[in-house]
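Colleague: One file: run30.pdb (PDB, C-alpha atoms).
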```pdb
ATOM      1  CA  MET J 220       0.000   0.000   0.000
ATOM      2  CA  PRO J 221       1.400   3.424  -0.839
ATOM      3  CA  ASN J 222       2.756   5.533   1.933
ATOM      4  CA  VAL J 223       1.633   8.884   0.637
ATOM      5  CA  ASP J 224      -2.077   9.138   0.010
ATOM      6  CA  ALA J 225      -3.147   9.961  -3.551
ATOM      7  CA  ALA J 226      -5.017  12.991  -2.178
ATOM      8  CA  TYR J 227      -1.691  14.725  -1.451
ATOM      9  CA  TYR J 228      -0.633  14.360  -5.067
ATOM     10  CA  LEU J 229      -4.013  15.601  -6.260
ATOM     11  CA  ILE J 230      -3.876  18.645  -3.970
ATOM     12  CA  LEU J 231      -0.362  19.439  -5.195
ATOM     13  CA  ALA J 232      -1.548  19.067  -8.796
ATOM     14  CA  ALA J 233      -4.482  21.403  -8.130
ATOM     15  CA  MET J 234      -2.121  24.042  -6.748
ATOM     16  CA  LEU J 235       0.264  23.629  -9.692
ATOM     17  CA  PHE J 236      -2.617  23.917 -12.164
ATOM     18  CA  SER J 237      -3.888  27.076 -10.465
ATOM     19  CA  ILE J 238      -0.460  28.725 -10.540
ATOM     20  CA  GLY J 239      -0.177  27.876 -14.231
ATOM     21  CA  ALA J 240      -3.658  29.229 -14.983
ATOM     22  CA  PHE J 241      -2.890  32.416 -13.047
ATOM     23  CA  GLY J 242       0.334  32.912 -14.995
ATOM     24  CA  LEU J 243      -1.446  32.316 -18.301
ATOM     25  CA  LEU J 244      -4.017  34.982 -17.430
ATOM     26  CA  VAL J 245      -1.561  37.555 -16.108
ATOM     27  CA  ARG J 246       1.656  37.350 -18.111
ATOM     28  CA  ARG J 247       1.892  39.102 -21.479
ATOM     29  CA  ASN J 248       5.060  37.598 -22.940
ATOM     30  CA  PRO J 249       3.854  34.809 -25.296
ATOM     31  CA  LEU J 250       6.804  32.580 -24.374
ATOM     32  CA  VAL J 251       6.069  32.781 -20.658
ATOM     33  CA  MET J 252       2.394  32.106 -21.375
ATOM     34  CA  PHE J 253       3.473  28.948 -23.175
ATOM     35  CA  MET J 254       5.531  27.889 -20.161
ATOM     36  CA  CYS J 255       2.455  28.355 -17.978
ATOM     37  CA  VAL J 256       0.512  26.042 -20.318
ATOM     38  CA  GLU J 257       3.279  23.476 -19.770
ATOM     39  CA  LEU J 258       2.811  23.845 -16.003
ATOM     40  CA  MET J 259      -0.903  23.130 -16.359
ATOM     41  CA  LEU J 260      -0.235  20.090 -18.557
ATOM     42  CA  ASN J 261       2.197  18.778 -15.963
ATOM     43  CA  ALA J 262      -0.373  19.208 -13.219
ATOM     44  CA  VAL J 263      -2.770  17.061 -15.244
ATOM     45  CA  ASN J 264      -0.031  14.467 -15.806
ATOM     46  CA  LEU J 265       0.508  14.323 -12.063
ATOM     47  CA  THR J 266      -3.187  13.608 -11.461
ATOM     48  CA  PHE J 267      -3.123  10.936 -14.177
ATOM     49  CA  VAL J 268      -0.255   9.110 -12.472
ATOM     50  CA  ALA J 269      -1.798   9.512  -9.015
ATOM     51  CA  PHE J 270      -5.133   8.096 -10.202
ATOM     52  CA  SER J 271      -3.310   5.363 -12.094
ATOM     53  CA  ARG J 272      -1.702   4.151  -8.893
ATOM     54  CA  ASP J 273      -4.765   4.691  -6.741
ATOM     55  CA  LEU J 274      -7.099   2.837  -9.100
ATOM     56  CA  ASN J 275      -4.439   0.241  -9.912
ATOM     57  CA  ASP J 276      -4.697   0.754 -13.662
ATOM     58  CA  VAL J 277      -1.996   1.149 -16.334
ATOM     59  CA  GLY J 278      -4.291   3.252 -18.525
ATOM     60  CA  GLY J 279      -3.499   6.449 -16.645
ATOM     61  CA  GLN J 280       0.197   6.159 -17.341
ATOM     62  CA  VAL J 281      -0.456   5.493 -21.030
ATOM     63  CA  ASN J 282      -2.539   8.661 -21.161
ATOM     64  CA  VAL J 283       0.385  10.625 -19.698
ATOM     65  CA  PHE J 284       2.424   9.320 -22.615
ATOM     66  CA  PHE J 285      -0.108  10.740 -25.083
ATOM     67  CA  VAL J 286      -0.251  14.059 -23.227
ATOM     68  CA  LEU J 287       3.540  14.295 -23.554
ATOM     69  CA  VAL J 288       3.368  13.717 -27.309
ATOM     70  CA  VAL J 289       0.611  16.277 -27.811
ATOM     71  CA  ALA J 290       2.486  18.782 -25.628
ATOM     72  CA  ALA J 291       5.624  18.344 -27.721
ATOM     73  CA  ALA J 292       3.677  18.888 -30.974
ATOM     74  CA  GLU J 293       1.928  21.907 -29.481
ATOM     75  CA  VAL J 294       5.200  23.489 -28.379
ATOM     76  CA  VAL J 295       6.781  22.961 -31.802
ATOM     77  CA  VAL J 296       3.917  24.583 -33.702
ATOM     78  CA  GLY J 297       3.361  27.289 -31.091
ATOM     79  CA  LEU J 298       6.988  28.364 -31.004
ATOM     80  CA  ALA J 299       7.071  28.398 -34.820
ATOM     81  CA  ILE J 300       4.057  30.743 -34.794
ATOM     82  CA  ILE J 301       5.732  32.952 -32.168
ATOM     83  CA  VAL J 302       8.918  33.105 -34.254
ATOM     84  CA  ALA J 303       6.909  34.009 -37.380
ATOM     85  CA  VAL J 304       4.995  36.735 -35.521
ATOM     86  CA  MET J 305       8.064  38.135 -33.774
ATOM     87  CA  ARG J 306       9.872  38.519 -37.102
ATOM     88  CA  HIS J 307       7.251  41.015 -38.241
ATOM     89  CA  ARG J 308       6.813  42.740 -34.883
ATOM     90  CA  PRO J 309       9.815  42.482 -32.587
ATOM     91  CA  GLY J 310       8.958  42.725 -28.919
ATOM     92  CA  ALA J 311       5.228  42.175 -29.386
ATOM     93  CA  THR J 312       3.247  41.136 -26.327
ATOM     94  CA  ALA J 313      -0.012  39.243 -26.201
ATOM     95  CA  ASP J 314      -1.879  42.556 -25.933
ATOM     96  CA  ASP J 315      -0.447  43.784 -29.245
ATOM     97  CA  LEU J 316      -1.545  40.683 -31.147
ATOM     98  CA  SER J 317      -5.255  41.235 -31.460
ATOM     99  CA  VAL J 318      -5.690  40.114 -35.081
ATOM    100  CA  LEU J 319      -4.942  36.770 -36.681
ATOM    101  CA  ARG J 320      -3.334  38.101 -39.852
ATOM    102  CA  GLY J 321       0.319  39.021 -39.459
TER     103      GLY J 321
ATOM    104  CA  MET B  73      10.801   8.341   4.066
ATOM    105  CA  GLU B  74       8.483   8.512   1.065
ATOM    106  CA  PHE B  75       6.643  11.381   2.701
ATOM    107  CA  VAL B  76       9.877  13.338   3.208
ATOM    108  CA  VAL B  77      10.757  12.971  -0.464
ATOM    109  CA  PHE B  78       7.230  13.965  -1.415
ATOM    110  CA  VAL B  79       7.363  17.141   0.682
ATOM    111  CA  ILE B  80      10.745  18.195  -0.726
ATOM    112  CA  ALA B  81       9.649  17.528  -4.318
ATOM    113  CA  ALA B  82       6.325  19.285  -3.754
ATOM    114  CA  ILE B  83       8.074  22.386  -2.406
ATOM    115  CA  MET B  84      10.384  22.393  -5.432
ATOM    116  CA  VAL B  85       7.412  21.988  -7.801
ATOM    117  CA  LEU B  86       5.559  24.938  -6.298
ATOM    118  CA  ALA B  87       8.683  27.106  -6.005
ATOM    119  CA  GLY B  88       9.526  26.459  -9.648
ATOM    120  CA  ALA B  89       5.960  27.225 -10.731
ATOM    121  CA  VAL B  90       5.982  30.517  -8.819
ATOM    122  CA  GLY B  91       9.367  31.247 -10.403
ATOM    123  CA  VAL B  92       7.933  30.732 -13.898
ATOM    124  CA  VAL B  93       5.051  33.111 -13.243
ATOM    125  CA  ALA B  94       6.936  35.762 -11.237
ATOM    126  CA  SER B  95      10.256  36.035 -13.097
ATOM    127  CA  ARG B  96      10.720  39.245 -15.061
ATOM    128  CA  HIS B  97      13.226  37.592 -17.366
ATOM    129  CA  PRO B  98      12.008  34.821 -19.780
ATOM    130  CA  VAL B  99      15.283  32.911 -19.335
ATOM    131  CA  HIS B 100      14.736  32.772 -15.575
ATOM    132  CA  SER B 101      11.208  31.510 -16.210
ATOM    133  CA  ALA B 102      12.582  28.734 -18.431
ATOM    134  CA  LEU B 103      15.111  27.694 -15.795
ATOM    135  CA  SER B 104      12.412  27.662 -13.102
ATOM    136  CA  LEU B 105      10.381  25.479 -15.451
ATOM    137  CA  VAL B 106      13.269  22.985 -15.478
ATOM    138  CA  GLY B 107      13.072  22.798 -11.672
ATOM    139  CA  THR B 108       9.337  22.157 -11.727
ATOM    140  CA  LEU B 109       9.504  19.541 -14.479
ATOM    141  CA  PHE B 110      12.385  17.718 -12.816
ATOM    142  CA  SER B 111      10.549  17.647  -9.485
ATOM    143  CA  VAL B 112       7.477  16.257 -11.239
ATOM    144  CA  ALA B 113       9.763  13.506 -12.581
ATOM    145  CA  VAL B 114      10.823  12.826  -8.964
ATOM    146  CA  LEU B 115       7.154  12.521  -8.019
ATOM    147  CA  PHE B 116       6.668  10.069 -10.903
ATOM    148  CA  VAL B 117       9.504   7.921  -9.541
ATOM    149  CA  LEU B 118       7.918   8.110  -6.110
ATOM    150  CA  GLN B 119       4.714   6.687  -7.607
ATOM    151  CA  GLU B 120       6.660   3.933  -9.368
ATOM    152  CA  ALA B 121       6.036   5.318 -12.864
ATOM    153  CA  HIS B 122       9.661   4.856 -13.842
ATOM    154  CA  LEU B 123       9.250   5.001 -17.609
ATOM    155  CA  LEU B 124       7.291   8.240 -17.409
ATOM    156  CA  ALA B 125       9.904   9.781 -15.129
ATOM    157  CA  ALA B 126      12.605   9.042 -17.688
ATOM    158  CA  VAL B 127      10.456  10.314 -20.559
ATOM    159  CA  GLN B 128       9.608  13.429 -18.562
ATOM    160  CA  VAL B 129      13.279  14.280 -18.082
ATOM    161  CA  ILE B 130      14.241  13.487 -21.685
ATOM    162  CA  VAL B 131      11.313  15.101 -23.482
ATOM    163  CA  TYR B 132      10.415  17.993 -21.200
ATOM    164  CA  THR B 133      13.605  19.132 -19.530
ATOM    165  CA  GLY B 134      15.786  17.853 -22.349
ATOM    166  CA  ALA B 135      13.918  18.901 -25.467
ATOM    167  CA  ILE B 136      11.068  21.295 -24.757
ATOM    168  CA  VAL B 137      12.883  23.646 -22.378
ATOM    169  CA  VAL B 138      15.918  23.696 -24.683
ATOM    170  CA  LEU B 139      13.543  24.634 -27.507
ATOM    171  CA  PHE B 140      12.165  27.441 -25.344
ATOM    172  CA  LEU B 141      15.656  28.731 -24.556
ATOM    173  CA  PHE B 142      16.604  28.455 -28.226
ATOM    174  CA  VAL B 143      13.625  30.560 -29.291
ATOM    175  CA  ILE B 144      14.316  33.111 -26.528
ATOM    176  CA  MET B 145      17.883  33.500 -27.780
ATOM    177  CA  LEU B 146      16.833  33.475 -31.445
ATOM    178  CA  LEU B 147      14.283  36.234 -31.033
ATOM    179  CA  GLY B 148      16.369  38.264 -28.621
ATOM    180  CA  VAL B 149      13.324  38.828 -26.442
ATOM    181  CA  ASP B 150      15.404  38.226 -23.339
ATOM    182  CA  GLU B 151      14.962  41.722 -21.947
ATOM    183  CA  ALA B 152      13.180  41.998 -18.640
ATOM    184  CA  GLU B 153       9.453  42.628 -18.683
ATOM    185  CA  GLU B 154       7.962  45.330 -16.500
ATOM    186  CA  LEU B 155       5.596  43.450 -14.219
ATOM    187  CA  ASP B 156       4.423  46.394 -12.139
ATOM    188  CA  ILE B 157       2.278  48.040 -14.785
ATOM    189  CA  GLU B 158      -1.145  46.512 -15.314
ATOM    190  CA  PRO B 159      -2.432  47.159 -18.839
ATOM    191  CA  ILE B 160      -5.957  45.880 -18.237
ATOM    192  CA  ALA B 161      -7.541  47.308 -15.099
ATOM    193  CA  GLY B 162      -8.596  44.658 -12.609
ATOM    194  CA  GLN B 163      -7.003  41.805 -14.583
ATOM    195  CA  ARG B 164      -4.795  40.567 -11.763
ATOM    196  CA  PRO B 165      -7.349  40.526  -8.937
ATOM    197  CA  ILE B 166      -9.792  38.656 -11.176
ATOM    198  CA  ALA B 167      -7.067  36.187 -12.224
ATOM    199  CA  ILE B 168      -6.029  35.643  -8.593
ATOM    200  CA  GLY B 169      -9.670  35.140  -7.628
ATOM    201  CA  LEU B 170     -10.302  32.618 -10.412
ATOM    202  CA  ALA B 171      -7.107  30.670  -9.737
ATOM    203  CA  ALA B 172      -7.677  30.619  -5.985
ATOM    204  CA  ALA B 173     -11.302  29.574  -6.423
ATOM    205  CA  SER B 174     -10.395  26.669  -8.710
ATOM    206  CA  ALA B 175      -7.574  25.595  -6.389
ATOM    207  CA  VAL B 176      -9.768  25.725  -3.280
ATOM    208  CA  LEU B 177     -12.542  23.850  -5.065
ATOM    209  CA  ALA B 178     -10.197  21.097  -6.226
ATOM    210  CA  ILE B 179      -8.481  20.822  -2.839
ATOM    211  CA  VAL B 180     -11.811  20.596  -1.003
ATOM    212  CA  VAL B 181     -13.048  17.932  -3.395
ATOM    213  CA  PHE B 182      -9.878  15.891  -2.997
ATOM    214  CA  ALA B 183      -9.792  16.345   0.767
ATOM    215  CA  VAL B 184     -13.447  15.364   1.210
ATOM    216  CA  THR B 185     -13.082  12.166  -0.791
ATOM    217  CA  THR B 186     -10.986  10.496   1.890
ATOM    218  CA  ASP B 187     -11.737   7.053   0.507
ATOM    219  CA  GLY B 188      -9.509   7.833  -2.447
ATOM    220  CA  ALA B 189     -10.412   8.004  -6.083
ATOM    221  CA  THR B 190     -13.761   6.716  -7.258
ATOM    222  CA  GLY B 191     -14.113   4.813 -10.492
ATOM    223  CA  ALA B 192     -13.675   1.390 -11.969
ATOM    224  CA  ARG B 193     -10.554  -0.327 -10.713
ATOM    225  CA  SER B 194      -8.184  -1.907 -13.215
ATOM    226  CA  ALA B 195     -10.422  -1.156 -16.178
ATOM    227  CA  THR B 196      -7.580  -1.409 -18.716
ATOM    228  CA  ALA B 197      -4.957  -3.613 -17.120
ATOM    229  CA  GLU B 198      -3.796  -4.102 -13.588
ATOM    230  CA  LEU B 199      -0.797  -2.082 -12.472
ATOM    231  CA  LEU B 200       1.604  -4.706 -11.164
ATOM    232  CA  PRO B 201       4.516  -4.007  -8.825
ATOM    233  CA  GLU B 202       7.921  -3.459 -10.408
ATOM    234  CA  GLN B 203       9.178  -6.808  -9.035
ATOM    235  CA  VAL B 204       6.414  -8.766 -10.777
ATOM    236  CA  LYS B 205       6.681  -7.065 -14.171
ATOM    237  CA  PRO B 206       8.708  -3.983 -15.175
ATOM    238  CA  ASN B 207       6.730  -0.786 -15.613
ATOM    239  CA  ILE B 208       7.939  -0.333 -19.199
ATOM    240  CA  ASN B 209       6.645  -3.773 -20.219
ATOM    241  CA  GLN B 210       3.230  -3.108 -18.737
ATOM    242  CA  ILE B 211       2.884   0.229 -20.550
ATOM    243  CA  ALA B 212       4.148  -1.267 -23.811
ATOM    244  CA  GLU B 213       1.613  -4.106 -23.682
ATOM    245  CA  VAL B 214      -1.310  -1.736 -23.237
ATOM    246  CA  LEU B 215       0.064   0.869 -25.650
ATOM    247  CA  PHE B 216       0.451  -1.582 -28.528
ATOM    248  CA  THR B 217      -2.838  -3.410 -28.030
ATOM    249  CA  ASP B 218      -5.668  -1.321 -26.574
ATOM    250  CA  TYR B 219      -4.238   2.060 -27.552
ATOM    251  CA  VAL B 220      -2.566   1.133 -30.842
ATOM    252  CA  PHE B 221      -4.857   3.312 -32.976
ATOM    253  CA  ALA B 222      -4.199   6.350 -30.786
ATOM    254  CA  PHE B 223      -0.500   5.531 -30.876
ATOM    255  CA  GLU B 224      -0.479   5.563 -34.674
ATOM    256  CA  LEU B 225      -2.398   8.826 -34.680
ATOM    257  CA  THR B 226       0.383  10.380 -32.592
ATOM    258  CA  ALA B 227       2.829   9.497 -35.382
ATOM    259  CA  LEU B 228       0.603  11.387 -37.820
ATOM    260  CA  LEU B 229       0.308  14.278 -35.375
ATOM    261  CA  LEU B 230       4.066  14.586 -34.985
ATOM    262  CA  THR B 231       4.559  14.524 -38.761
ATOM    263  CA  ILE B 232       1.971  17.276 -39.198
ATOM    264  CA  ALA B 233       3.636  19.291 -36.435
ATOM    265  CA  VAL B 234       7.055  19.044 -38.094
ATOM    266  CA  VAL B 235       5.663  20.040 -41.510
ATOM    267  CA  GLY B 236       3.724  22.884 -39.920
ATOM    268  CA  ALA B 237       6.781  24.167 -38.084
ATOM    269  CA  VAL B 238       8.842  24.161 -41.286
ATOM    270  CA  ALA B 239       6.075  25.863 -43.264
ATOM    271  CA  LEU B 240       5.601  28.521 -40.581
ATOM    272  CA  SER B 241       9.233  29.322 -39.967
ATOM    273  CA  ARG B 242      10.335  29.889 -43.555
ATOM    274  CA  LYS B 243      10.116  33.403 -44.957
ATOM    275  CA  ALA B 244       6.520  34.308 -45.700
ATOM    276  CA  GLY B 245       5.675  34.247 -49.422
ATOM    277  CA  GLY B 246       9.201  33.387 -50.531
ATOM    278  CA  ASP B 247      10.351  30.237 -52.210
ATOM    279  CA  PHE B 248      12.744  27.857 -50.518
ATOM    280  CA  GLU B 249      16.305  29.081 -51.052
ATOM    281  CA  PRO B 250      18.650  26.666 -52.845
ATOM    282  CA  ALA B 251      21.126  24.967 -50.584
ATOM    283  CA  PRO B 252      24.540  26.716 -50.519
ATOM    284  CA  GLU B 253      27.144  25.179 -52.847
ATOM    285  CA  SER B 254      29.630  22.938 -51.097
ATOM    286  CA  VAL B 255      33.392  23.483 -51.382
ATOM    287  CA  LEU B 256      33.879  20.232 -53.300
ATOM    288  CA  ALA B 257      31.121  21.042 -55.784
ATOM    289  CA  LYS B 258      32.533  24.553 -56.240
ATOM    290  CA  THR B 259      36.055  23.212 -56.946
ATOM    291  CA  GLN B 260      34.696  20.659 -59.395
ATOM    292  CA  ARG B 261      32.625  23.290 -61.176
ATOM    293  CA  GLU B 262      35.606  25.684 -61.439
ATOM    294  CA  THR B 263      37.917  22.950 -62.741
ATOM    295  CA  ALA B 264      35.372  21.955 -65.355
ATOM    296  CA  GLU B 265      34.977  25.578 -66.438
ATOM    297  CA  ALA B 266      38.769  26.044 -66.724
ATOM    298  CA  GLU B 267      39.097  22.836 -68.776
ATOM    299  CA  GLN B 268      36.286  23.958 -71.047
ATOM    300  CA  ALA B 269      37.991  27.339 -71.531
ATOM    301  CA  ILE B 270      41.298  25.686 -72.560
ATOM    302  CA  LEU B 271      39.468  23.341 -74.943
ATOM    303  CA  ASP B 272      37.611  26.262 -76.491
ATOM    304  CA  GLU B 273      40.873  28.156 -76.949
ATOM    305  CA  VAL B 274      42.545  25.200 -78.655
ATOM    306  CA  ALA B 275      39.509  24.650 -80.864
ATOM    307  CA  ALA B 276      39.525  28.317 -81.865
ATOM    308  CA  LYS B 277      43.261  28.150 -82.779
ATOM    309  CA  VAL B 278      42.751  25.017 -84.827
ATOM    310  CA  ALA B 279      39.790  26.611 -86.616
ATOM    311  CA  ALA B 280      41.872  29.735 -87.361
ATOM    312  CA  GLN B 281      44.743  27.625 -88.787
ATOM    313  CA  ASP B 282      42.291  25.659 -90.888
ATOM    314  CA  ALA B 283      40.743  28.853 -92.204
ATOM    315  CA  ALA B 284      44.207  30.269 -93.080
ATOM    316  CA  LYS B 285      45.196  27.075 -94.868
ATOM    317  CA  GLN B 286      41.894  27.052 -96.743
ATOM    318  CA  ALA B 287      42.392  30.666 -97.752
ATOM    319  CA  ALA B 288      45.939  29.873 -99.008
ATOM    320  CA  THR B 289      44.675  26.950-101.049
ATOM    321  CA  ASN B 290      41.847  29.040-102.485
ATOM    322  CA  GLU B 291      44.349  31.755-103.446
ATOM    323  CA  ALA B 292      46.599  29.170-105.103
ATOM    324  CA  THR B 293      43.735  27.725-107.163
ATOM    325  CA  GLU B 294      42.613  31.206-108.191
ATOM    326  CA  GLU B 295      46.149  32.083-109.340
ATOM    327  CA  ALA B 296      46.304  28.829-111.272
ATOM    328  CA  ALA B 297      42.980  29.600-112.924
ATOM    329  CA  ASP B 298      44.119  33.129-113.851
ATOM    330  CA  ALA B 299      47.276  31.760-115.355
TER     331      ALA B 299
END
```
Would you mind giving the structure from this file in structure tokens?
Modeller:
Amino acid sequence: MPNVDAAYYLILAAMLFSIGAFGLLVRRNPLVMFMCVELMLNAVNLTFVAFSRDLNDVGGQVNVFFVLVVAAAEVVVGLAIIVAVMRHRPGATADDLSVLRG
Amino acid sequence: MEFVVFVIAAIMVLAGAVGVVASRHPVHSALSLVGTLFSVAVLFVLQEAHLLAAVQVIVYTGAIVVLFLFVIMLLGVDEAEELDIEPIAGQRPIAIGLAAASAVLAIVVFAVTTDGATGARSATAELLPEQVKPNINQIAEVLFTDYVFAFELTALLLTIAVVGAVALSRKAGGDFEPAPESVLAKTQRETAEAEQAILDEVAAKVAAQDAAKQAATNEATEEAADA
């Protein structure tokens, strides 16, 4: 039986997710906003693993694997978009980018 | 012992997360992110998800954060951001309120359910201890049977992401530039051009001699005809 109750992991994940969501809402640098999204994804991964162990099921860990892959793809495309936008407007913040067309 | 490790890792996770949000400098945010992601890997080890801990370190701290740092350096956006000014009035209090409300809600829900998680137990496959069967084997068995379609879709997704990144990062509207000529190819091309020039020169000389000889013969025949 595990020593540390799954609830501790879930509480930690909730706090991590909230910090990430707060950062995403407050920060204006697109790169830092992306890092906050990564924090939120990691919080969800932590809950997946905690539930996987608590419910005694491998499926949770496999889902973490898929979340990692999707996060990697998202970062690649997102950073490419940021690079493309920043070429046209150096030093742009999220507030400056109100239209889709560059 | 496990609890001590958990507390240390949890403190590092939260400290790193606060560092990401509160750092003025994007590079400091990225380095704080490394701390958080590494501590999450420690928590994975603590929960006996050894494969995921390794993947977390390799993919997240190894690849994704390096990509972040690379883009920060590439764009030169590494100047400090002024965090004191608030462009949208009331944005921060509302954000703090929303984040705190969601955190409190989640914590209360988790704390109230003292029996642990609800749901079907071992719906996919039972999670066996490391001594019975290695973690990596268990994940592989499920990944390549029950989740094989999703697994193949991730291959497609990664291909699309790579193509998208290349299409986005090239110069807008322009064609792909030809690859720069290598030193070997340049030398070969120059040698061939020099050889061709010498051959042309020789051919021109030969043609000139032929023309002179022809002219001499023509003159001789004309003289003979006159005579």
Colleague: Just give me the gap between CA of Ala225 (chain J) and CA of Ala269 (chain J) in Å, one decimal is fine.
Modeller: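 Pair CA of Ala225 (chain J) / CA of Ala269 (chain J) returns 5.6 Å.
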Colleague: Measure the distance from CA of Thr312 (chain J) to CA of Asn248 (chain J) in Å and round it to one decimal.
Modeller: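 Answer for the CA of Thr312 (chain J) to CA of Asn248 (chain J) separation: 5.2 Å.
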Colleague: Kindly indicate which residue among J:Thr266, J:Asn282, J:Asn275, J:Ser317 lies nearest to chain B, using all atoms listed in the file for the distances.
Modeller: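 Among the listed residues, the smallest separation from chain B belongs to J:Asn275.
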Colleague: Quick check: residues of chain J within 6 Å of chain B, all atoms listed in the file, returned as number ranges by chain.
Modeller: J: 223, 226, 230, 233-234, 237, 241-242, 274-278, 292, 296, 299, 303
Colleague: Tell me, in Å to one decimal, how far CA of Asp315 (chain J) is from CA of His100 (chain B).
Modeller: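 Distance between the two atoms: 23.2 Å.
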Colleague: Evaluating the PyMOL selection byres ((chain J and resi 265) around 9) on the displayed file yields which residues, as a list in words?
Modeller: Tyr228, Leu229, Leu231, Ala232, Leu260, Asn261, Ala262, Val263, Asn264, Thr266, Phe267, Val268, Ala269, Phe270 and Val283 of chain J; Val112, Leu115 and Phe116 of chain B
Colleague: What would the selection look like, as a PyMOL selection string, if the PyMOL selection byres ((chain J and resi 243) around 8) were run on the coordinates I just shared?
Modeller: chain J and resi 239-242+244-246+251-253+255-256
Colleague: Within 7 Å of (6.8, 30.8, -29.9), all atoms listed in the file: residues as a list in words?
Modeller: Pro249, Leu250, Gly297, Leu298, Ala299, Ile300, Ile301 and Val302 of chain J; Val143 of chain B
